[in-house]
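> Just dropping this structure here.
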Amino acid sequence: MSILACVLLLGLGGAAANPAPAAMAELTLQPFPSHVYKAEDRSHEPTASWIFSLTVQSTQPIQLAPESMAIDLMHGRQVLRHSTYNREGFEPLTYTSALSPTLPDGAPSPSPLYWPLSIRLRYVEPATLPVDAMHILVKLKDAQGRTHTVHQDVAISTYQQKAQLIFPFRGKGIVLQAGAMNGGHRDRSGQYALDSTVLDEGWSPLKPGDGKHNADYYGYGHDLLAPADGTVVRVRNDRPDQPVGDTSDPAYYAPEFPRGGDPGNNIVIDHGNGEFSMIAHLQPGSIRVTPGQRVAQGQVIGKLGHSGDTDTPHVHYQLQSGPDFRYADALPCHFDNIAQKILDRGTYFEAK
Ligand SMILES: [Zn+2]
């Protein structure tokens with residue numbers, strides 16, 4: 001080996017042992033979901049809302065603290081509103097993501113990726129405000145006191161649903177939990193998800209009983225239906241039900257979901273148009289379909305259960321942009337066989 005090669009190897013070895021200085025870090029802002037949709041609220045005043053996370057991505061490990069932020073709500077090239085945040089205004093919007101950094105589709109990054117800081121942005125605006133994009137400029141301070149400036153444009157659009165959906169069960173029901181803007185599901189693909197259960201003719205969720213047994217719930221074991229034609233792409237059918245009717249016991253979560261969020265037994269149907277239905281928390285062994293199988297709208301696919309992270313027997317439904325709920329975007333949805341267009345927590349409905 002030549003002296004030159006030796007020096008080069010030592011140099012490389014040194015670089016690997018001591019990470020390059022933080023000033024070299026390249027920062028970008030990654031919105032999650034990667035497509036942000038505004039949806040009309042149920043309100044006496046017509047409003048539309050949207051919510052998303054903006055994750056600061058770094059090519060190197062780096063500590064960052066919020067310094068300031070400026071946001072323009074845009075319509076085309078016109079600024080509808082300009083807002084500025086000082087440190088005190090910016091800081092409460094920031095958090096540290098518990099997720100492992102990946103590319104937006106869930107693939108591991110070919111080069112190291114770090115998520116030192118995330119920002120949560122939530123808007124409720126007059127429904128007529130024609131926002132179609134946000135321009136976001138963020139200033140962050142590293143541990144050496146240097147300021148990093150990074151900006152991102154985020155499109156804000158109204159989703160045009162493609163599939164004609166029916167609700168995943170028929171009959172009277174109630175929404176137990178809805179989307180993020182309604183105090184419910186907050187994750188990337190679940191922002192418009194609905195938890196619901198079947199009610200009896202008198203609109204009651206419970207049979208006589210203390211609610212400790214799954215069988216006390218009228219909806220438990222009710223047939224669940226394919227919301228639209230499609231191809232089954234994912235099935236999980238081996239998870240036990242939670243044994244206590246009104247409890248979510250972590251001991252019954254699948255090992256890969258130690259902190260919760262376990263969908264339990266679930267089915268994902270590809271509707272062939274970029275839309276996928278996910279139906280979760282089914283009874284163990286009740287799923288009648290297998291991956292690759294074509295299903296028709298209304299076909300029985302399984303039974304309402306209490307598997308995964310669930311504190312009462314119910315069905316979780318969400319429309320999403322891909323097969324894997326961890327890396328798909330949430331899609332707003334409505335159902336042709338329910339009169340109400342907007343389903344919030346506590347909504348009683350009848351799926352015809
Ligand atoms: Zn849910």
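Going through the structure tokens in order, the chains are called A, B, and so on, while each chain numbers its residues from 1 and the ligands are numbered from 1 in the order shown.
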Select from stretch 66-223 of chain A everything DSSP, run on the backbone, classes as strand (DSSP E), then give the selection as a ChimeraX atom specification.
/A:66-75,78-85,94-95,114-126,133-142,147-157,171-177,194-198,223
> Residues at most 9 Å from ligand 1, using only C-alpha atoms and all ligand atoms? Could they come as a list in words?
Leu176, Gln177, Ala178, Gly179, Gly184, His185, Gly190, Ala193, Leu194, Asp195, Ser196, Gly261, Pro263, Ala280, His281, Asp309, Thr310, His314, Val315, His316, Tyr317 and Gln318 of chain A
> Write out as a list in words the set of residues from stretch 164-348 of chain A that DSSP, computed on the backbone, places in helix (DSSP H, G or I).
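Those in stretch 164-348 of chain A that DSSP calls helix (DSSP H, G or I) are Ala180, Met181, Asn182, Asn214, Ala215, Asp216, Pro250, Ala251 and Tyr252 of chain A.
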> Those residues you just picked out, can you put them in a file as an mmCIF file, in the first residue's frame with N, CA and C atoms?

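Output saved as selection08.cif:
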data_model
loop_
_atom_site.group_PDB
_atom_site.id
_atom_site.type_symbol
_atom_site.label_atom_id
_atom_site.label_comp_id
_atom_site.auth_asym_id
_atom_site.auth_seq_id
_atom_site.Cartn_x
_atom_site.Cartn_y
_atom_site.Cartn_z
ATOM 1 N N ALA A 180 -58.980 13.834 12.947
ATOM 2 C CA ALA A 180 -58.118 14.695 13.760
ATOM 3 C C ALA A 180 -58.782 16.027 14.083
ATOM 4 N N MET A 181 -59.514 16.614 13.124
ATOM 5 C CA MET A 181 -60.115 17.920 13.367
ATOM 6 C C MET A 181 -61.318 17.807 14.293
ATOM 7 N N ASN A 182 -61.735 16.570 14.567
ATOM 8 C CA ASN A 182 -62.868 16.322 15.452
ATOM 9 C C ASN A 182 -62.378 15.657 16.754
ATOM 10 N N ASN A 214 -67.580 -8.717 25.619
ATOM 11 C CA ASN A 214 -67.745 -8.281 24.230
ATOM 12 C C ASN A 214 -69.170 -8.540 23.749
ATOM 13 N N ALA A 215 -69.742 -9.656 24.200
ATOM 14 C CA ALA A 215 -71.085 -10.018 23.746
ATOM 15 C C ALA A 215 -72.160 -9.068 24.288
ATOM 16 N N ASP A 216 -71.795 -8.188 25.254
ATOM 17 C CA ASP A 216 -72.753 -7.194 25.741
ATOM 18 C C ASP A 216 -73.037 -6.128 24.678
ATOM 19 N N PRO A 250 -52.860 -3.229 26.702
ATOM 20 C CA PRO A 250 -51.677 -3.341 25.824
ATOM 21 C C PRO A 250 -51.136 -4.763 25.711
ATOM 22 N N ALA A 251 -51.443 -5.618 26.686
ATOM 23 C CA ALA A 251 -50.952 -6.997 26.621
ATOM 24 C C ALA A 251 -51.498 -7.719 25.389
ATOM 25 N N TYR A 252 -52.572 -7.189 24.812
ATOM 26 C CA TYR A 252 -53.179 -7.835 23.641
ATOM 27 C C TYR A 252 -52.836 -7.125 22.335
#
> Under the rule of at most 10 Å, produce a per-residue listing of stretch 184-245 of chain A near stretch 28-32 of chain A: chain, number, name, the closest pair of atoms, and the distance in Å, as JSON lines, using only C-alpha atoms.

{"residue": "A:Asp187", "atom": "CA", "partner": "A:Phe32", "partner_atom": "CA", "distance": 9.0}
{"residue": "A:Arg188", "atom": "CA", "partner": "A:Phe32", "partner_atom": "CA", "distance": 6.0}
{"residue": "A:Ser189", "atom": "CA", "partner": "A:Phe32", "partner_atom": "CA", "distance": 9.0}
> For the contact check between stretch 82-139 of chain A and stretch 324-331 of chain A, emit one row per residue of stretch 82-139 of chain A within 8 Å, containing the shortest atom pair and the distance in Å rounded to one decimal, counting only C-alpha atoms, chain then rising number order, as CSV.

residue,atom,partner,partner_atom,distance
A:Pro104,CA,A:Tyr327,CA,6.7
A:Asp105,CA,A:Tyr327,CA,5.4
A:Gly106,CA,A:Tyr327,CA,5.4
> Restricted to N, CA and C atoms, what would the selected residues look like written as a compact mmCIF listing (two decimals), in the first residue's frame?

# COMPACT_ATOMS: atom_id res chain seq x y z
N PRO A 104 -41.00 9.19 2.26
CA PRO A 104 -42.45 9.31 2.45
C PRO A 104 -43.23 8.01 2.17
N ASP A 105 -42.69 7.13 1.27
CA ASP A 105 -43.41 5.87 0.98
C ASP A 105 -43.01 4.76 1.94
N GLY A 106 -42.22 5.08 2.96
CA GLY A 106 -41.86 4.09 3.96
C GLY A 106 -40.56 3.37 3.65
